[in-house]
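For reference, the structure is listed below as structure tokens.
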Protein chains: 2
Amino acid sequence: MTTIRDVAKLANVSVATVSRVINNNGYVNESTMQRVRQAIEQLNYRPNDVARSLFKGKSKMIALFVPDIMNPFFPELARAVEDISNKHGYTFILCNTDNQNDKEITYLNALLQKSIDGIILVSSTMTTSQVKDMKVPLIALDRKINPNLISVTVNNYEGARQAVQYLKKQGCKRIAHISGPENISNARERFRGYLDEVRDEEWFNSDFICVGNYAVNDAFEATKKLLQSNPEIDGIFVANDLMGVGVLKAAESLKIKIPNELSVIGFDGIELGNITSPSLTTMAQPIYNIGKRAAEILIQKIEHPNTVIKSEEHKVKLITREST
Amino acid sequence: MTTIRDVAKLANVSVATVSRVINNNGYVNESTMQRVRQAIEQLNYRPNDVARSLFKGKSKMIALFVPDIMNPFFPELARAVEDISNKHGYTFILCNTDNQNDKEITYLNALLQKSIDGIILVSSTMTTSQVKDMKVPLIALDRKINPNLISVTVNNYEGARQAVQYLKKQGCKRIAHISGPENISNARERFRGYLDEVRDEEWFNSDFICVGNYAVNDAFEATKKLLQSNPEIDGIFVANDLMGVGVLKAAESLKIKIPNELSVIGFDGIELGNITSPSLTTMAQPIYNIGKRAAEILIQKIEHPNTVIKSEEHKVKLITREST
DNA sequence: AACGCGTATGTAACCCGTTACATATATATA
DNA sequence: TATATATATGTAACGGGTTACATACGCGTT
């Protein structure tokens, strides 16, 4: 492998001068620069990023922790983060945590040993003590971790209220909710939004609430039970689209007509909801955009540690489709 | 940050001895080892991987190039590669190439500068000259690049024939094909399989062939045209499941009943096909498994450069669902 | 007694950019 | 003319592990 010393020798200058040319800093005479450039060209020299990282203590790498890239919500997030990383000259590392804290900690340590420059966390298991006093910049995405850790999220509470309001406007009189796991902040917010919309209705009944796990199958089973025990339900607000699909399938298997007998609204706005039939009405998050913003904020934090950065809450948007 | 020298000082030994303890090689007296271990513990010392990489010229990182992680075929592949990387102590880097050769080359150079240990390529745009003489181990996945580059693929040709045979067995008399892009090796193979099954049928008509782009929308439009011009078609072999979804939607919009009036079979076996209604019959690839094998082979190649490694062609498997 | 080998540990060079500091010339200011 | 400043370039230390090589002790063999 050719090194900066080879280039220096060929161009008849010191390594310092070559380094100045490469990094375009310090004083270098025009003609010297030409000579160095030519030597670099001739040897096809590429600086070794590892040596650079060692000296600088920075690696130009950022990581994204997601529970599981196979969950269709996350690829778009990952794509956004990768695009922005790439645009700013960072290499993108993807880690699947399976919502397991020990995996997160193992990844974290491994990445710190590699001088990772920053990490974006989609996590419901990292604890406050694990994230505070971290010397490497962290950003929470999609799920808040604690109030001191900058986060990029959506207005889950408001979005949930709007979803329920929309069902009411469509004429639903008995609205149920399939919630997400209680340890996930956005699931709690969506649940709270639902509750604040329905708790004072005279028809409200806590049997209309099921706890799901943000996955298709559980929602399928839960919905079947729910609708069999409570045939009066005519609307369901589902805490994410993936479970929304499970609800549609359950209704289909019970021969309940959507949207005639039952209206369904999801949350997230993943492409999947557009493909089912009936297609799924949803409160869509700006998924790509929140991933993009998280990456931009992280890079800002890495490159300008002193700028003041604030958490962001983006707005969800109703997308009406065939399920309502 | 605490360094090996800090540990050495505290344990009253040389850095060489500490290194020997960390890496468990060379002679170290039992009691010395205890002392060093304790110093490591006490200082919470973690070796700096960047320094290690610089000396060794290896980074313990591997990368996966995919066209776009948002295409639902790739997350499972990525997950498999990440799992295996992780298991063997490698860090996983994901690169979205958008099928653009210049992006691939840019990524490649960036990764080489980071002493990447190996790369898995899902690519239809890398050229023979770009991959030969690469000093870093490469593996082609899902798509062959050239005969000299080890690949992990499936039996696309055979699978395609089986798909068409299955449609015939189901009673289809006029079988069309929506193919993938001609520059993708697996699309060509699947097309060839289709052709070899139908070319000698007296009903065969080249109008039954459309070229798609492995995406939903194009297939939707193409199918509408195809079925309107050729209402006699009663079976379609679609080169991937994503386009299969487009076909299902097109049939729905034309009020063509599936499977009664039209049978559809896809290829890939992505989860999506299980969620549509009707659900999509498909020739399923062992997606996770081929990703896993590619990663295992790559790591084998990295860690034992002299072992003889062969390309692998895995078998696809018919999954019958409601669309046939 | 001399030699060989296994055990144990330390010194210093090495991996390869980066940059603080030293040196030197030329131009500008006082 | 003396001093300050911009320009130009080189030397060597530095970042933090790794390891070749040197040194030294203990024990067994001849």
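Here's how to read the names in the structure tokens: chain A, B, ... by the order shown, residue numbers from 1 in each chain, ligand numbers from 1 in the order shown.
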Discussion item. Only residues of chain D matter here; which ones have an atom within 9 Å of chain B, counting only C-alpha atoms (C1' of nucleotides)? Give them as a ChimeraX atom specification.
Written reply: /D:15-19
I need the chosen residues saved as a tab-separated table (two decimals), in the first residue's frame, with N, CA, C and O atoms (P, O5', C5', C4', C3', O3' and C1' of nucleotides).
chain	number	residue	atom	x	y	z
D	15	DG	P	-0.04	11.38	22.68
D	15	DG	O5'	-1.21	10.59	21.95
D	15	DG	C5'	-2.20	11.27	21.20
D	15	DG	C4'	-2.88	10.26	20.33
D	15	DG	C3'	-2.94	8.87	20.99
D	15	DG	O3'	-4.24	8.64	21.53
D	15	DG	C1'	-2.18	8.74	18.71
D	16	DG	P	-4.32	7.89	22.93
D	16	DG	O5'	-4.13	6.36	22.56
D	16	DG	C5'	-5.07	5.74	21.72
D	16	DG	C4'	-4.61	4.35	21.39
D	16	DG	C3'	-4.15	3.54	22.60
D	16	DG	O3'	-4.63	2.23	22.43
D	16	DG	C1'	-2.49	3.53	20.96
D	17	DG	P	-4.83	1.32	23.69
D	17	DG	O5'	-5.01	-0.08	22.97
D	17	DG	C5'	-3.88	-0.81	22.76
D	17	DG	C4'	-3.90	-1.43	21.38
D	17	DG	C3'	-3.26	-2.80	21.41
D	17	DG	O3'	-3.81	-3.63	20.43
D	17	DG	C1'	-1.89	-1.28	20.19
D	18	DT	P	-3.49	-5.20	20.48
D	18	DT	O5'	-2.14	-5.33	19.65
D	18	DT	C5'	-2.17	-5.01	18.26
D	18	DT	C4'	-0.85	-5.38	17.64
D	18	DT	C3'	-0.30	-6.74	18.05
D	18	DT	O3'	0.12	-7.38	16.87
D	18	DT	C1'	1.34	-5.06	18.41
D	19	DT	P	0.39	-8.95	16.87
D	19	DT	O5'	2.00	-8.94	16.81
D	19	DT	C5'	2.64	-8.19	15.78
D	19	DT	C4'	4.13	-8.15	16.05
D	19	DT	C3'	4.71	-9.47	16.58
D	19	DT	O3'	6.01	-9.61	16.02
D	19	DT	C1'	5.28	-7.73	18.02
Discussion item. I need the chain A residues near chain B as a ChimeraX atom specification; criterion: at most 8 Å, counting only C-alpha atoms.
Written reply: /A:46-51,53-54,68-70,72,75-76,78-79,82,91-96,113-115,245,272,275-277
Practice prompt. Mind checking which residues fall within 8 Å of D:DA8, counting only C-alpha atoms (C1' of nucleotides), ignoring those fewer than 2 positions away in the same chain, and posting them as a ChimeraX atom specification?
Written response: /A:27-29
Residues just named, written with C-alpha atoms as a short mmCIF file (atom, residue, chain, number, x, y, z; two decimals), in the first residue's frame:
data_model
loop_
_atom_site.label_atom_id
_atom_site.label_comp_id
_atom_site.auth_asym_id
_atom_site.auth_seq_id
_atom_site.Cartn_x
_atom_site.Cartn_y
_atom_site.Cartn_z
CA TYR A 27 0.73 27.28 3.26
CA VAL A 28 1.77 25.42 0.14
CA ASN A 29 3.39 26.96 -2.89
#
Item to complete: Fewer than 2 positions away in the same chain doesn't count, so skip those; otherwise give me all residues within 12 Å of D:DA20, counting only C-alpha atoms (C1' of nucleotides), as JSON, numbers by chain.
Response: {"B": [16], "C": [11, 12, 13, 14], "D": [18, 22]}
Keeping only N, CA, C and O atoms (P, O5', C5', C4', C3', O3' and C1' of nucleotides), write the selected residues as a tab-separated table (two decimals), in the first residue's frame.
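Result went into again-v1.tsv, see below:
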chain	number	residue	atom	x	y	z
B	16	ALA	N	3.82	-4.68	26.58
B	16	ALA	CA	3.83	-5.96	25.88
B	16	ALA	C	3.09	-7.01	26.69
B	16	ALA	O	2.29	-7.79	26.17
C	11	DT	P	11.51	-1.62	29.94
C	11	DT	O5'	12.15	-1.57	28.49
C	11	DT	C5'	13.37	-2.26	28.23
C	11	DT	C4'	13.80	-2.00	26.80
C	11	DT	C3'	13.47	-0.61	26.27
C	11	DT	O3'	14.57	-0.17	25.48
C	11	DT	C1'	12.41	-2.23	24.91
C	12	DA	P	14.54	1.33	24.93
C	12	DA	O5'	14.06	1.12	23.42
C	12	DA	C5'	14.64	0.06	22.65
C	12	DA	C4'	13.88	-0.07	21.34
C	12	DA	C3'	13.47	1.26	20.71
C	12	DA	O3'	13.63	1.13	19.31
C	12	DA	C1'	11.58	-0.09	20.96
C	13	DA	P	13.77	2.38	18.39
C	13	DA	O5'	13.34	1.76	16.99
C	13	DA	C5'	13.68	0.41	16.70
C	13	DA	C4'	12.54	-0.24	15.92
C	13	DA	C3'	11.95	0.64	14.81
C	13	DA	O3'	11.77	-0.15	13.66
C	13	DA	C1'	10.24	-0.06	16.27
C	14	DC	P	11.37	0.54	12.29
C	14	DC	O5'	9.83	0.18	12.13
C	14	DC	C5'	9.38	-1.16	12.32
C	14	DC	C4'	7.87	-1.17	12.34
C	14	DC	C3'	7.21	-0.14	11.42
C	14	DC	O3'	6.47	-0.79	10.42
C	14	DC	C1'	6.20	-0.17	13.58
D	18	DT	P	-3.49	-5.20	20.48
D	18	DT	O5'	-2.14	-5.33	19.65
D	18	DT	C5'	-2.17	-5.01	18.26
D	18	DT	C4'	-0.85	-5.38	17.64
D	18	DT	C3'	-0.30	-6.74	18.05
D	18	DT	O3'	0.12	-7.38	16.87
D	18	DT	C1'	1.34	-5.06	18.41
D	22	DA	P	18.05	-9.71	18.52
D	22	DA	O5'	18.09	-9.23	20.03
D	22	DA	C5'	17.92	-7.85	20.36
D	22	DA	C4'	17.91	-7.69	21.87
D	22	DA	C3'	18.94	-8.57	22.59
D	22	DA	O3'	19.59	-7.82	23.61
D	22	DA	C1'	16.76	-9.04	23.41
Worksheet item: Taking only C-alpha atoms (C1' of nucleotides) into account, which residues of chain C are within 8 Å of chain B, as a PyMOL selection string?
Response: chain C and resi 7-10+14-16
Grab the residues selected above and save them as a PDB file, in the first residue's frame with C-alpha atoms (C1' of nucleotides).
ATOM      1  C1'  DT C   7       8.977 -19.643  30.593  1.00  0.00           C
ATOM      2  C1'  DA C   8       8.614 -14.641  31.550  1.00  0.00           C
ATOM      3  C1'  DT C   9       9.120  -9.902  30.662  1.00  0.00           C
ATOM      4  C1'  DG C  10      10.802  -5.597  28.724  1.00  0.00           C
ATOM      5  C1'  DC C  14       6.195  -0.168  13.580  1.00  0.00           C
ATOM      6  C1'  DC C  15       1.478   0.891  11.436  1.00  0.00           C
ATOM      7  C1'  DC C  16       0.408   5.950   8.837  1.00  0.00           C
TER       8       DC C  16
END
Item to complete: Find the residues near B:Val81: any atom within 8 Å, counting only C-alpha atoms (C1' of nucleotides), skip ones fewer than 3 places away on the same chain, and give them as a PyMOL selection string.
Response: chain B and resi 64+77-78+84-85+92+291-292+294-295
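The gap separating atom C1' of C:DT18 from atom CA of A:Lys135 is 22.8 Å, in Å to one decimal.
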Item to complete: Determine which residues of stretch 133-301 of chain B receive a DSSP assignment of strand (DSSP E or B), computed from the backbone, and state them as a PyMOL selection string.
Response: chain B and resi 138-141+151-154+175-179+209-211+235-238+263-268+281-284
What would the file look like if the residues just selected were written as a PDB file, in the first residue's frame with C-alpha atoms?
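The file below, again-v6.pdb, is the result:
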ATOM      1  CA  LEU B 138     -15.801  -9.922  -2.219  1.00  0.00           C
ATOM      2  CA  ILE B 139     -18.865 -12.127  -2.505  1.00  0.00           C
ATOM      3  CA  ALA B 140     -21.761 -11.699  -4.915  1.00  0.00           C
ATOM      4  CA  LEU B 141     -25.175 -12.276  -3.397  1.00  0.00           C
ATOM      5  CA  SER B 151     -21.612 -16.029  -5.491  1.00  0.00           C
ATOM      6  CA  VAL B 152     -24.493 -17.157  -3.335  1.00  0.00           C
ATOM      7  CA  THR B 153     -27.665 -17.365  -5.380  1.00  0.00           C
ATOM      8  CA  VAL B 154     -30.728 -19.517  -5.914  1.00  0.00           C
ATOM      9  CA  ILE B 175     -49.398 -18.096 -19.320  1.00  0.00           C
ATOM     10  CA  ALA B 176     -47.835 -14.659 -19.404  1.00  0.00           C
ATOM     11  CA  HIS B 177     -44.644 -13.383 -17.801  1.00  0.00           C
ATOM     12  CA  ILE B 178     -43.721 -10.076 -16.255  1.00  0.00           C
ATOM     13  CA  SER B 179     -39.959 -10.139 -16.201  1.00  0.00           C
ATOM     14  CA  ILE B 209     -44.102 -11.088 -22.151  1.00  0.00           C
ATOM     15  CA  CYS B 210     -43.663  -7.718 -20.463  1.00  0.00           C
ATOM     16  CA  VAL B 211     -40.483  -6.297 -19.090  1.00  0.00           C
ATOM     17  CA  GLY B 235     -51.981 -17.303 -15.595  1.00  0.00           C
ATOM     18  CA  ILE B 236     -49.090 -14.982 -14.927  1.00  0.00           C
ATOM     19  CA  PHE B 237     -45.642 -15.851 -13.702  1.00  0.00           C
ATOM     20  CA  VAL B 238     -44.257 -12.668 -12.204  1.00  0.00           C
ATOM     21  CA  SER B 263     -53.743 -17.414 -11.417  1.00  0.00           C
ATOM     22  CA  VAL B 264     -50.691 -15.497 -10.285  1.00  0.00           C
ATOM     23  CA  ILE B 265     -47.390 -16.803  -9.025  1.00  0.00           C
ATOM     24  CA  GLY B 266     -44.538 -14.636  -7.861  1.00  0.00           C
ATOM     25  CA  PHE B 267     -40.912 -15.212  -6.933  1.00  0.00           C
ATOM     26  CA  ASP B 268     -38.928 -14.402  -3.764  1.00  0.00           C
ATOM     27  CA  THR B 281     -48.408 -17.944  -4.301  1.00  0.00           C
ATOM     28  CA  THR B 282     -44.675 -17.748  -4.839  1.00  0.00           C
ATOM     29  CA  MET B 283     -41.420 -19.531  -5.437  1.00  0.00           C
ATOM     30  CA  ALA B 284     -39.780 -18.661  -2.143  1.00  0.00           C
TER      31      ALA B 284
END
Discussion item. I want to know what sits within 9 Å of A:Lys224, based on only C-alpha atoms (C1' of nucleotides), with residues of the same chain fewer than 4 positions away left out; could you give that as an NGL selection string?
Written reply: :A and (219-220 or 228-229 or 247 or 250-251 or 253-254)
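Atom CA of B:Leu108 lies 18.9 Å from atom CA of B:Asp142.
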